[in-house]
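What's in coords_25.cif: mmCIF, C-alpha atoms and all ligand atoms
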```cif
data_query
#
loop_
_atom_site.group_PDB
_atom_site.id
_atom_site.type_symbol
_atom_site.label_atom_id
_atom_site.label_comp_id
_atom_site.auth_asym_id
_atom_site.auth_seq_id
_atom_site.Cartn_x
_atom_site.Cartn_y
_atom_site.Cartn_z
ATOM 1 C CA MET S 3 -49.935 55.799 -141.856
ATOM 2 C CA PHE S 4 -48.581 53.283 -144.350
ATOM 3 C CA ILE S 5 -47.386 54.835 -147.598
ATOM 4 C CA GLU S 6 -47.580 52.396 -150.497
ATOM 5 C CA PRO S 7 -44.406 51.761 -152.456
ATOM 6 C CA SER S 8 -44.216 52.354 -156.201
ATOM 7 C CA LEU S 9 -46.279 49.618 -157.826
ATOM 8 C CA GLY S 10 -44.697 49.713 -161.271
ATOM 9 C CA GLY S 11 -47.632 51.144 -163.222
ATOM 10 C CA LYS S 12 -49.375 49.280 -166.037
ATOM 11 C CA ASN S 13 -46.413 47.858 -167.904
ATOM 12 C CA PRO S 14 -46.076 44.172 -166.874
ATOM 13 C CA LYS S 15 -42.317 44.343 -167.446
ATOM 14 C CA ASP S 16 -42.033 47.033 -164.780
ATOM 15 C CA LYS S 17 -43.990 45.061 -162.189
ATOM 16 C CA LYS S 18 -41.888 44.158 -159.199
ATOM 17 C CA GLY S 19 -43.532 41.980 -156.631
ATOM 18 C CA HIS S 20 -43.163 42.500 -152.934
ATOM 19 C CA ILE S 21 -44.563 41.425 -149.576
ATOM 20 C CA GLU S 22 -46.421 43.555 -147.037
ATOM 21 C CA VAL S 23 -47.359 42.230 -143.598
ATOM 22 C CA ILE S 24 -49.881 43.883 -141.298
ATOM 23 C CA CYS S 25 -49.609 42.433 -137.791
ATOM 24 C CA GLY S 26 -50.826 43.143 -134.290
ATOM 25 C CA SER S 27 -53.085 41.866 -131.529
ATOM 26 C CA MET S 28 -56.798 41.232 -131.679
ATOM 27 C CA PHE S 29 -58.943 44.382 -132.016
ATOM 28 C CA SER S 30 -56.002 46.297 -133.526
ATOM 29 C CA GLY S 31 -57.630 46.871 -136.922
ATOM 30 C CA LYS S 32 -55.414 44.515 -138.979
ATOM 31 C CA THR S 33 -58.245 43.404 -141.237
ATOM 32 C CA GLU S 34 -59.520 46.965 -141.668
ATOM 33 C CA GLU S 35 -56.040 47.983 -142.828
ATOM 34 C CA LEU S 36 -55.891 44.999 -145.208
ATOM 35 C CA ILE S 37 -59.299 45.936 -146.611
ATOM 36 C CA ARG S 38 -58.262 49.570 -146.996
ATOM 37 C CA ARG S 39 -55.256 48.597 -149.104
ATOM 38 C CA LEU S 40 -57.202 46.060 -151.169
ATOM 39 C CA ASN S 41 -60.101 48.440 -151.794
ATOM 40 C CA ARG S 42 -57.745 51.035 -153.212
ATOM 41 C CA ALA S 43 -56.364 48.412 -155.615
ATOM 42 C CA PHE S 44 -59.938 47.435 -156.597
ATOM 43 C CA ILE S 45 -60.773 51.072 -157.322
ATOM 44 C CA ALA S 46 -57.718 51.278 -159.588
ATOM 45 C CA LYS S 47 -59.105 48.208 -161.443
ATOM 46 C CA GLN S 48 -56.200 45.995 -160.464
ATOM 47 C CA LYS S 49 -56.961 42.288 -160.299
ATOM 48 C CA VAL S 50 -57.247 41.366 -156.649
ATOM 49 C CA GLU S 51 -57.663 37.909 -155.104
ATOM 50 C CA ILE S 52 -58.251 37.414 -151.406
ATOM 51 C CA PHE S 53 -57.732 34.247 -149.417
ATOM 52 C CA LYS S 54 -58.116 33.102 -145.863
ATOM 53 C CA PRO S 55 -57.608 29.785 -144.089
ATOM 54 C CA ALA S 56 -60.695 27.551 -144.214
ATOM 55 C CA ILE S 57 -60.385 27.218 -140.430
ATOM 56 C CA ASP S 58 -61.656 30.749 -139.856
ATOM 57 C CA THR S 59 -65.414 30.412 -140.253
ATOM 58 C CA ARG S 60 -66.388 32.880 -137.564
ATOM 59 C CA TYR S 61 -68.496 34.985 -139.856
ATOM 60 C CA HIS S 62 -69.574 34.619 -143.459
ATOM 61 C CA GLU S 63 -67.854 31.817 -145.414
ATOM 62 C CA GLN S 64 -67.005 33.902 -148.468
ATOM 63 C CA ASN S 65 -66.013 37.178 -146.891
ATOM 64 C CA VAL S 66 -63.001 38.637 -145.225
ATOM 65 C CA VAL S 67 -64.920 40.336 -142.479
ATOM 66 C CA SER S 68 -63.499 42.663 -139.932
ATOM 67 C CA HIS S 69 -65.080 43.327 -136.575
ATOM 68 C CA ASN S 70 -66.760 46.471 -137.838
ATOM 69 C CA ASP S 71 -68.533 44.788 -140.773
ATOM 70 C CA THR S 72 -66.569 46.165 -143.726
ATOM 71 C CA ALA S 73 -66.493 43.051 -145.845
ATOM 72 C CA ILE S 74 -64.937 41.944 -149.103
ATOM 73 C CA ARG S 75 -65.258 38.599 -150.831
ATOM 74 C CA SER S 76 -62.573 36.026 -150.172
ATOM 75 C CA THR S 77 -61.837 32.403 -150.924
ATOM 76 C CA PRO S 78 -61.336 30.036 -147.980
ATOM 77 C CA VAL S 79 -58.477 27.594 -148.675
ATOM 78 C CA GLN S 80 -57.358 24.478 -146.822
ATOM 79 C CA PHE S 81 -53.638 24.759 -147.582
ATOM 80 C CA ALA S 82 -51.365 27.688 -148.351
ATOM 81 C CA SER S 83 -50.273 25.940 -151.568
ATOM 82 C CA ASP S 84 -53.870 26.248 -152.865
ATOM 83 C CA ILE S 85 -53.222 29.995 -153.116
ATOM 84 C CA LEU S 86 -50.507 29.416 -155.729
ATOM 85 C CA LEU S 87 -52.993 27.500 -157.877
ATOM 86 C CA LEU S 88 -55.818 30.013 -157.447
ATOM 87 C CA ALA S 89 -53.946 33.318 -157.638
ATOM 88 C CA GLY S 90 -53.699 33.092 -161.445
ATOM 89 C CA ASP S 91 -52.845 36.335 -163.211
ATOM 90 C CA CYS S 92 -53.957 38.711 -160.471
ATOM 91 C CA ASP S 93 -51.907 41.780 -159.554
ATOM 92 C CA VAL S 94 -52.581 41.784 -155.827
ATOM 93 C CA VAL S 95 -52.981 38.832 -153.432
ATOM 94 C CA GLY S 96 -54.539 39.516 -150.025
ATOM 95 C CA ILE S 97 -54.352 36.911 -147.240
ATOM 96 C CA ASP S 98 -56.219 37.398 -143.971
ATOM 97 C CA GLU S 99 -55.664 35.465 -140.708
ATOM 98 C CA VAL S 100 -52.374 34.302 -142.196
ATOM 99 C CA GLN S 101 -51.126 33.080 -138.799
ATOM 100 C CA PHE S 102 -53.370 30.000 -139.123
ATOM 101 C CA PHE S 103 -51.523 28.680 -142.183
ATOM 102 C CA ASP S 104 -48.591 26.281 -141.802
ATOM 103 C CA HIS S 105 -45.024 27.282 -142.691
ATOM 104 C CA GLN S 106 -45.629 26.499 -146.361
ATOM 105 C CA VAL S 107 -47.223 29.950 -146.575
ATOM 106 C CA VAL S 108 -43.740 31.505 -146.330
ATOM 107 C CA HIS S 109 -42.712 29.768 -149.547
ATOM 108 C CA VAL S 110 -46.044 30.644 -151.168
ATOM 109 C CA ALA S 111 -45.773 34.358 -150.346
ATOM 110 C CA ASN S 112 -42.218 34.456 -151.662
ATOM 111 C CA ALA S 113 -43.163 32.651 -154.894
ATOM 112 C CA LEU S 114 -46.059 35.063 -155.519
ATOM 113 C CA ALA S 115 -43.848 38.111 -154.937
ATOM 114 C CA ILE S 116 -41.119 36.724 -157.202
ATOM 115 C CA ALA S 117 -43.807 36.269 -159.875
ATOM 116 C CA GLY S 118 -44.395 40.042 -159.691
ATOM 117 C CA LYS S 119 -47.435 40.174 -157.423
ATOM 118 C CA ARG S 120 -48.102 42.521 -154.563
ATOM 119 C CA VAL S 121 -48.756 40.245 -151.576
ATOM 120 C CA ILE S 122 -50.522 41.780 -148.571
ATOM 121 C CA MET S 123 -51.001 39.601 -145.493
ATOM 122 C CA ALA S 124 -52.672 40.339 -142.179
ATOM 123 C CA GLY S 125 -52.264 38.224 -139.072
ATOM 124 C CA LEU S 126 -51.842 37.951 -135.322
ATOM 125 C CA ASP S 127 -48.155 38.181 -134.493
ATOM 126 C CA MET S 128 -48.582 36.616 -131.027
ATOM 127 C CA ASP S 129 -50.868 33.932 -129.643
ATOM 128 C CA PHE S 130 -52.755 34.228 -126.347
ATOM 129 C CA GLU S 131 -49.620 33.173 -124.439
ATOM 130 C CA GLY S 132 -47.605 36.036 -125.896
ATOM 131 C CA LYS S 133 -45.594 33.689 -128.145
ATOM 132 C CA PRO S 134 -44.902 34.312 -131.851
ATOM 133 C CA PHE S 135 -47.765 32.824 -133.856
ATOM 134 C CA GLY S 136 -47.019 30.053 -136.392
ATOM 135 C CA PRO S 137 -45.353 31.356 -139.571
ATOM 136 C CA MET S 138 -45.490 35.043 -138.557
ATOM 137 C CA PRO S 139 -41.809 35.459 -137.564
ATOM 138 C CA GLN S 140 -40.671 34.150 -140.956
ATOM 139 C CA LEU S 141 -43.232 36.237 -142.833
ATOM 140 C CA LEU S 142 -42.153 39.374 -140.991
ATOM 141 C CA SER S 143 -38.533 38.608 -141.889
ATOM 142 C CA ILE S 144 -39.078 38.177 -145.610
ATOM 143 C CA ALA S 145 -41.508 41.108 -146.017
ATOM 144 C CA GLU S 146 -40.340 44.373 -147.577
ATOM 145 C CA TYR S 147 -42.933 46.321 -145.579
ATOM 146 C CA VAL S 148 -44.126 45.562 -142.052
ATOM 147 C CA THR S 149 -46.884 47.475 -140.308
ATOM 148 C CA LYS S 150 -47.620 46.731 -136.664
ATOM 149 C CA VAL S 151 -50.980 48.133 -135.620
ATOM 150 C CA HIS S 152 -52.075 48.457 -132.004
ATOM 151 C CA ALA S 153 -55.274 48.081 -130.060
ATOM 152 C CA ILE S 154 -55.992 49.898 -126.808
ATOM 153 C CA CYS S 155 -55.543 48.039 -123.537
ATOM 154 C CA MET S 156 -59.009 47.263 -122.221
ATOM 155 C CA LYS S 157 -57.661 47.395 -118.660
ATOM 156 C CA CYS S 158 -55.596 50.583 -118.528
ATOM 157 C CA GLY S 159 -55.976 52.452 -121.829
ATOM 158 C CA GLU S 160 -52.307 52.114 -122.924
ATOM 159 C CA LEU S 161 -51.445 50.919 -126.419
ATOM 160 C CA ALA S 162 -51.984 47.150 -126.579
ATOM 161 C CA SER S 163 -50.066 44.520 -128.527
ATOM 162 C CA TYR S 164 -51.170 41.373 -126.660
ATOM 163 C CA SER S 165 -54.349 39.271 -126.954
ATOM 164 C CA PHE S 166 -55.397 38.223 -123.455
ATOM 165 C CA ARG S 167 -57.652 35.176 -123.212
ATOM 166 C CA LEU S 168 -60.262 35.529 -120.486
ATOM 167 C CA SER S 169 -61.228 31.847 -120.341
ATOM 168 C CA GLU S 170 -59.088 29.034 -118.896
ATOM 169 C CA ASP S 171 -59.033 27.104 -122.184
ATOM 170 C CA ARG S 172 -55.440 26.316 -123.278
ATOM 171 C CA GLU S 173 -56.254 25.272 -126.835
ATOM 172 C CA LYS S 174 -54.220 27.310 -129.323
ATOM 173 C CA VAL S 175 -56.867 27.916 -131.960
ATOM 174 C CA MET S 176 -59.864 29.449 -130.277
ATOM 175 C CA LEU S 177 -61.462 31.884 -132.620
ATOM 176 C CA GLY S 178 -62.108 35.385 -131.513
ATOM 177 C CA GLU S 179 -65.235 36.556 -129.843
ATOM 178 C CA LYS S 180 -65.415 39.860 -128.094
ATOM 179 C CA ASN S 181 -66.192 38.130 -124.780
ATOM 180 C CA THR S 182 -63.266 35.667 -124.870
ATOM 181 C CA TYR S 183 -60.352 38.014 -125.486
ATOM 182 C CA GLU S 184 -59.161 41.425 -124.418
ATOM 183 C CA ALA S 185 -56.484 43.583 -125.972
ATOM 184 C CA ARG S 186 -53.828 44.226 -123.305
ATOM 185 C CA CYS S 187 -50.605 46.188 -122.951
ATOM 186 C CA ARG S 188 -47.505 44.257 -121.867
ATOM 187 C CA LYS S 189 -47.908 45.160 -118.187
ATOM 188 C CA CYS S 190 -51.589 44.201 -117.922
ATOM 189 C CA PHE S 191 -51.046 41.058 -120.011
ATOM 190 C CA TYR S 192 -48.327 39.646 -117.742
ATOM 191 C CA GLU S 193 -49.998 40.795 -114.533
ATOM 192 C CA ASP S 194 -52.981 38.509 -115.128
ATOM 193 C CA LYS S 195 -51.415 35.770 -117.272
ATOM 194 C CA LYS S 196 -51.965 32.298 -115.785
HETATM 195 ZN ZN ZN S 201 -52.733 47.937 -119.763
#
```

I need this file expressed as structure tokens, please.
Ligand SMILES: [Zn+2]
Amino acid sequence: MFIEPSLGGKNPKDKKGHIEVICGSMFSGKTEELIRRLNRAFIAKQKVEIFKPAIDTRYHEQNVVSHNDTAIRSTPVQFASDILLLAGDCDVVGIDEVQFFDHQVVHVANALAIAGKRVIMAGLDMDFEGKPFGPMPQLLSIAEYVTKVHAICMKCGELASYSFRLSEDREKVMLGEKNTYEARCRKCFYEDKK
């Protein structure tokens, strides 16, 4: 279980920003964990803004939606730099599907944290070929807190950290549907990888 760091209380002078990254494979509960952290900030009446890349239109346009339907409102943005303009005076910035942003998001996350905000990002750490996904390696490096969550291998029941693509399509961005991907452990991922 992730234990939140001290958040500096209500005095703006005491507010120290930092970066949290939640990563893992598909079906590992990344978005649920993001929502859990953001909901607790909402309940404490902190100002929370949530963003996601405009590319991810799988479900409802305005919501960060996890696979089990717990949803909170979010703003789709085209570029990571839009987040800097839109974050305003909020206390907490949530970013879902952060792996789809370009490397500019590393600079954006750092700038937000330096400005005293709590930045919480969730994203796939590996693509369907088992390679680090986009800006994730850099984000994991600059984060103060990293949480890797696991799914369960749909083939053998071990802990899973890979997203196995069932179809032959080699295109990098193929958004998740339950029938296109399976969570796999390392062994089962490489056994069947084409
Ligand atoms: Zn397995």

What are the closest atom pairs, with distances in Å to one decimal, for all residues of chain S lying within 6 Å of ligand ZN 201 (chain S)? Consider only C-alpha atoms and all ligand atoms, order rows by chain and residue number, and present the result as JSON lines.
```
{"residue": "S:Cys155", "atom": "CA", "partner": "S:ZN201", "partner_atom": "ZN", "distance": 4.7}
{"residue": "S:Lys157", "atom": "CA", "partner": "S:ZN201", "partner_atom": "ZN", "distance": 5.1}
{"residue": "S:Cys158", "atom": "CA", "partner": "S:ZN201", "partner_atom": "ZN", "distance": 4.1}
{"residue": "S:Gly159", "atom": "CA", "partner": "S:ZN201", "partner_atom": "ZN", "distance": 5.9}
{"residue": "S:Glu160", "atom": "CA", "partner": "S:ZN201", "partner_atom": "ZN", "distance": 5.3}
{"residue": "S:Arg186", "atom": "CA", "partner": "S:ZN201", "partner_atom": "ZN", "distance": 5.2}
{"residue": "S:Cys187", "atom": "CA", "partner": "S:ZN201", "partner_atom": "ZN", "distance": 4.2}
{"residue": "S:Lys189", "atom": "CA", "partner": "S:ZN201", "partner_atom": "ZN", "distance": 5.8}
{"residue": "S:Cys190", "atom": "CA", "partner": "S:ZN201", "partner_atom": "ZN", "distance": 4.3}
```

Exercise for review: Report the residues retrieved by the PyMOL selection byres (((chain S and resi 126) around 6) and not hetatm) from the displayed file, expressed as a PyMOL selection string.
Suggested key: chain S and resi 25-27+125+127-128

**Study point:** Near-His152 of chain S list (6 Å; only C-alpha atoms; drop same-chain fewer than 6 positions) as a ChimeraX atom specification
**Key:** /S:26,30,162-163

Point to revise | Point-to-point distance in Å for atom CA of Glu146 of chain S and atom CA of Val79 of chain S | key: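 Going from atom CA of Val79 of chain S over to atom CA of Glu146 of chain S covers 24.7 Å.
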
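Distances from S:Ile52, S:Val110, S:Phe103, S:Glu131 to Ser83 of chain S were compared using only C-alpha atoms, and the smallest one belongs to S:Val110.
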
Where does the PyMOL selection byres (((chain S and resi 19) around 6) and not hetatm) land in this file, that is, which residues does it pick, as a PDB file with C-alpha atoms, in the coordinates of the input?
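Output below, filename part-v2.pdb:
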```pdb
ATOM      1  CA  LYS S  18     -41.888  44.158-159.199  1.00  0.00           C
ATOM      2  CA  HIS S  20     -43.163  42.500-152.934  1.00  0.00           C
ATOM      3  CA  ALA S 115     -43.848  38.111-154.937  1.00  0.00           C
ATOM      4  CA  ILE S 116     -41.119  36.724-157.202  1.00  0.00           C
ATOM      5  CA  GLY S 118     -44.395  40.042-159.691  1.00  0.00           C
ATOM      6  CA  LYS S 119     -47.435  40.174-157.423  1.00  0.00           C
ATOM      7  CA  ARG S 120     -48.102  42.521-154.563  1.00  0.00           C
TER       8      ARG S 120
END
```

Review point. Nearest to Val50 of chain S: which of S:Val107, S:Ile97, S:Ala113, S:Ile21 is it, counting all atoms listed in the file?
Key: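 Among the listed residues, S:Ile97 lies closest to Val50 of chain S.
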
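The shortest atom-to-atom distance to Ala82 of chain S, with only C-alpha atoms taken into account, belongs to S:Pro137 out of S:Phe130, S:Pro137, S:Tyr192, S:Leu40.
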
Check your understanding: Which residues, written as a PyMOL selection string, have at least one atom at most 7 Å from Val100 of chain S, with all atoms listed in the file counted and residues fewer than 5 positions away on the same chain left out?
Key -> chain S and resi 54+123-125

Point to revise | Separation of atom CA of Phe81 of chain S from atom CA of Ala56 of chain S, in Å and rounded to one decimal | key: 8.3 Å

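One distance worth recording is that between atom CA of Pro134 of chain S and atom CA of Arg38 of chain S, which is 25.3 Å.
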
Go ahead and fit an axis-aligned box to every listed atom of segment 134-151 of chain S plus 8 Å each side, and pass me the centre and edge lengths in Å, one decimal, as lines of an AutoDock Vina configuration file.
```
center_x = -44.8
center_y = 39.1
center_z = -139.7
size_x = 28.4
size_y = 34.1
size_z = 31.7
```

Review point. Hey, which of S:Lys49, S:Arg188, S:Lys32, S:Lys150 ends up closest to Gly132 of chain S? Count all atoms listed in the file.
Key: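 Answer, going by the shortest atom-to-atom distance: S:Arg188.
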
Exercise for review: Name the closest residue to Pro55 of chain S among the candidates S:Ile85, S:Leu36, S:Ile24, S:Val121; distances are taken between atoms, counting all atoms listed in the file.
Suggested key: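 Residue with the minimum atom-to-atom distance to Pro55 of chain S: S:Ile85.
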
Review point. Do you know which residues are at most 7 Å from Val23 of chain S counting all atoms listed in the file, after dropping those on the same chain fewer than 5 positions away, and could you put them as a VMD selection string?
Key: chain S and resid 122 to 124 142 145 147 to 149

Check your understanding: So, counting only C-alpha atoms, which residue among S:Phe53, S:Phe4, S:Phe135, S:Phe44 is closest to Ala111 of chain S?
Key ->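 Ranked by minimum distance to Ala111 of chain S, first place goes to S:Phe53.
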
Only C-alpha atoms, as a PDB file, in the first residue's frame: that is what I want for segment 121-167 of chain S.
```pdb
ATOM      1  CA  VAL S 121       1.818  15.676  -9.422  1.00  0.00           C
ATOM      2  CA  ILE S 122       0.380  12.159  -9.695  1.00  0.00           C
ATOM      3  CA  MET S 123       0.765  10.339 -13.010  1.00  0.00           C
ATOM      4  CA  ALA S 124      -0.408   6.909 -14.097  1.00  0.00           C
ATOM      5  CA  GLY S 125       0.835   5.113 -17.182  1.00  0.00           C
ATOM      6  CA  LEU S 126       1.926   1.927 -18.907  1.00  0.00           C
ATOM      7  CA  ASP S 127       5.624   1.410 -18.280  1.00  0.00           C
ATOM      8  CA  MET S 128       6.033  -1.024 -21.204  1.00  0.00           C
ATOM      9  CA  ASP S 129       4.444  -1.268 -24.634  1.00  0.00           C
ATOM     10  CA  PHE S 130       3.124  -4.505 -26.148  1.00  0.00           C
ATOM     11  CA  GLU S 131       6.660  -5.463 -27.225  1.00  0.00           C
ATOM     12  CA  GLY S 132       7.945  -5.257 -23.664  1.00  0.00           C
ATOM     13  CA  LYS S 133       9.872  -2.033 -24.374  1.00  0.00           C
ATOM     14  CA  PRO S 134       9.821   1.056 -22.126  1.00  0.00           C
ATOM     15  CA  PHE S 135       6.914   3.253 -23.199  1.00  0.00           C
ATOM     16  CA  GLY S 136       7.623   6.811 -24.429  1.00  0.00           C
ATOM     17  CA  PRO S 137       8.508   9.213 -21.597  1.00  0.00           C
ATOM     18  CA  MET S 138       7.996   6.661 -18.793  1.00  0.00           C
ATOM     19  CA  PRO S 139      11.689   5.914 -18.071  1.00  0.00           C
ATOM     20  CA  GLN S 140      12.414   9.620 -17.569  1.00  0.00           C
ATOM     21  CA  LEU S 141       9.288  10.142 -15.473  1.00  0.00           C
ATOM     22  CA  LEU S 142      10.183   7.203 -13.248  1.00  0.00           C
ATOM     23  CA  SER S 143      13.671   8.661 -12.792  1.00  0.00           C
ATOM     24  CA  ILE S 144      12.571  12.123 -11.727  1.00  0.00           C
ATOM     25  CA  ALA S 145       9.695  10.972  -9.474  1.00  0.00           C
ATOM     26  CA  GLU S 146      10.079  11.016  -5.693  1.00  0.00           C
ATOM     27  CA  TYR S 147       7.603   8.143  -5.350  1.00  0.00           C
ATOM     28  CA  VAL S 148       7.155   5.229  -7.748  1.00  0.00           C
ATOM     29  CA  THR S 149       4.480   2.582  -7.366  1.00  0.00           C
ATOM     30  CA  LYS S 150       4.496  -0.402  -9.704  1.00  0.00           C
ATOM     31  CA  VAL S 151       1.191  -2.250  -9.606  1.00  0.00           C
ATOM     32  CA  HIS S 152       0.693  -5.715 -11.063  1.00  0.00           C
ATOM     33  CA  ALA S 153      -2.035  -7.564 -12.879  1.00  0.00           C
ATOM     34  CA  ILE S 154      -2.452 -11.333 -12.787  1.00  0.00           C
ATOM     35  CA  CYS S 155      -1.179 -13.386 -15.707  1.00  0.00           C
ATOM     36  CA  MET S 156      -4.214 -14.519 -17.669  1.00  0.00           C
ATOM     37  CA  LYS S 157      -2.314 -17.635 -18.762  1.00  0.00           C
ATOM     38  CA  CYS S 158      -0.757 -18.987 -15.569  1.00  0.00           C
ATOM     39  CA  GLY S 159      -1.969 -16.905 -12.614  1.00  0.00           C
ATOM     40  CA  GLU S 160       1.468 -15.456 -11.686  1.00  0.00           C
ATOM     41  CA  LEU S 161       1.890 -11.733 -11.097  1.00  0.00           C
ATOM     42  CA  ALA S 162       1.902  -9.965 -14.473  1.00  0.00           C
ATOM     43  CA  SER S 163       3.831  -6.892 -15.579  1.00  0.00           C
ATOM     44  CA  TYR S 164       3.545  -7.258 -19.373  1.00  0.00           C
ATOM     45  CA  SER S 165       0.713  -6.342 -21.772  1.00  0.00           C
ATOM     46  CA  PHE S 166       0.445  -9.089 -24.383  1.00  0.00           C
ATOM     47  CA  ARG S 167      -1.254  -8.152 -27.649  1.00  0.00           C
TER      48      ARG S 167
END
```
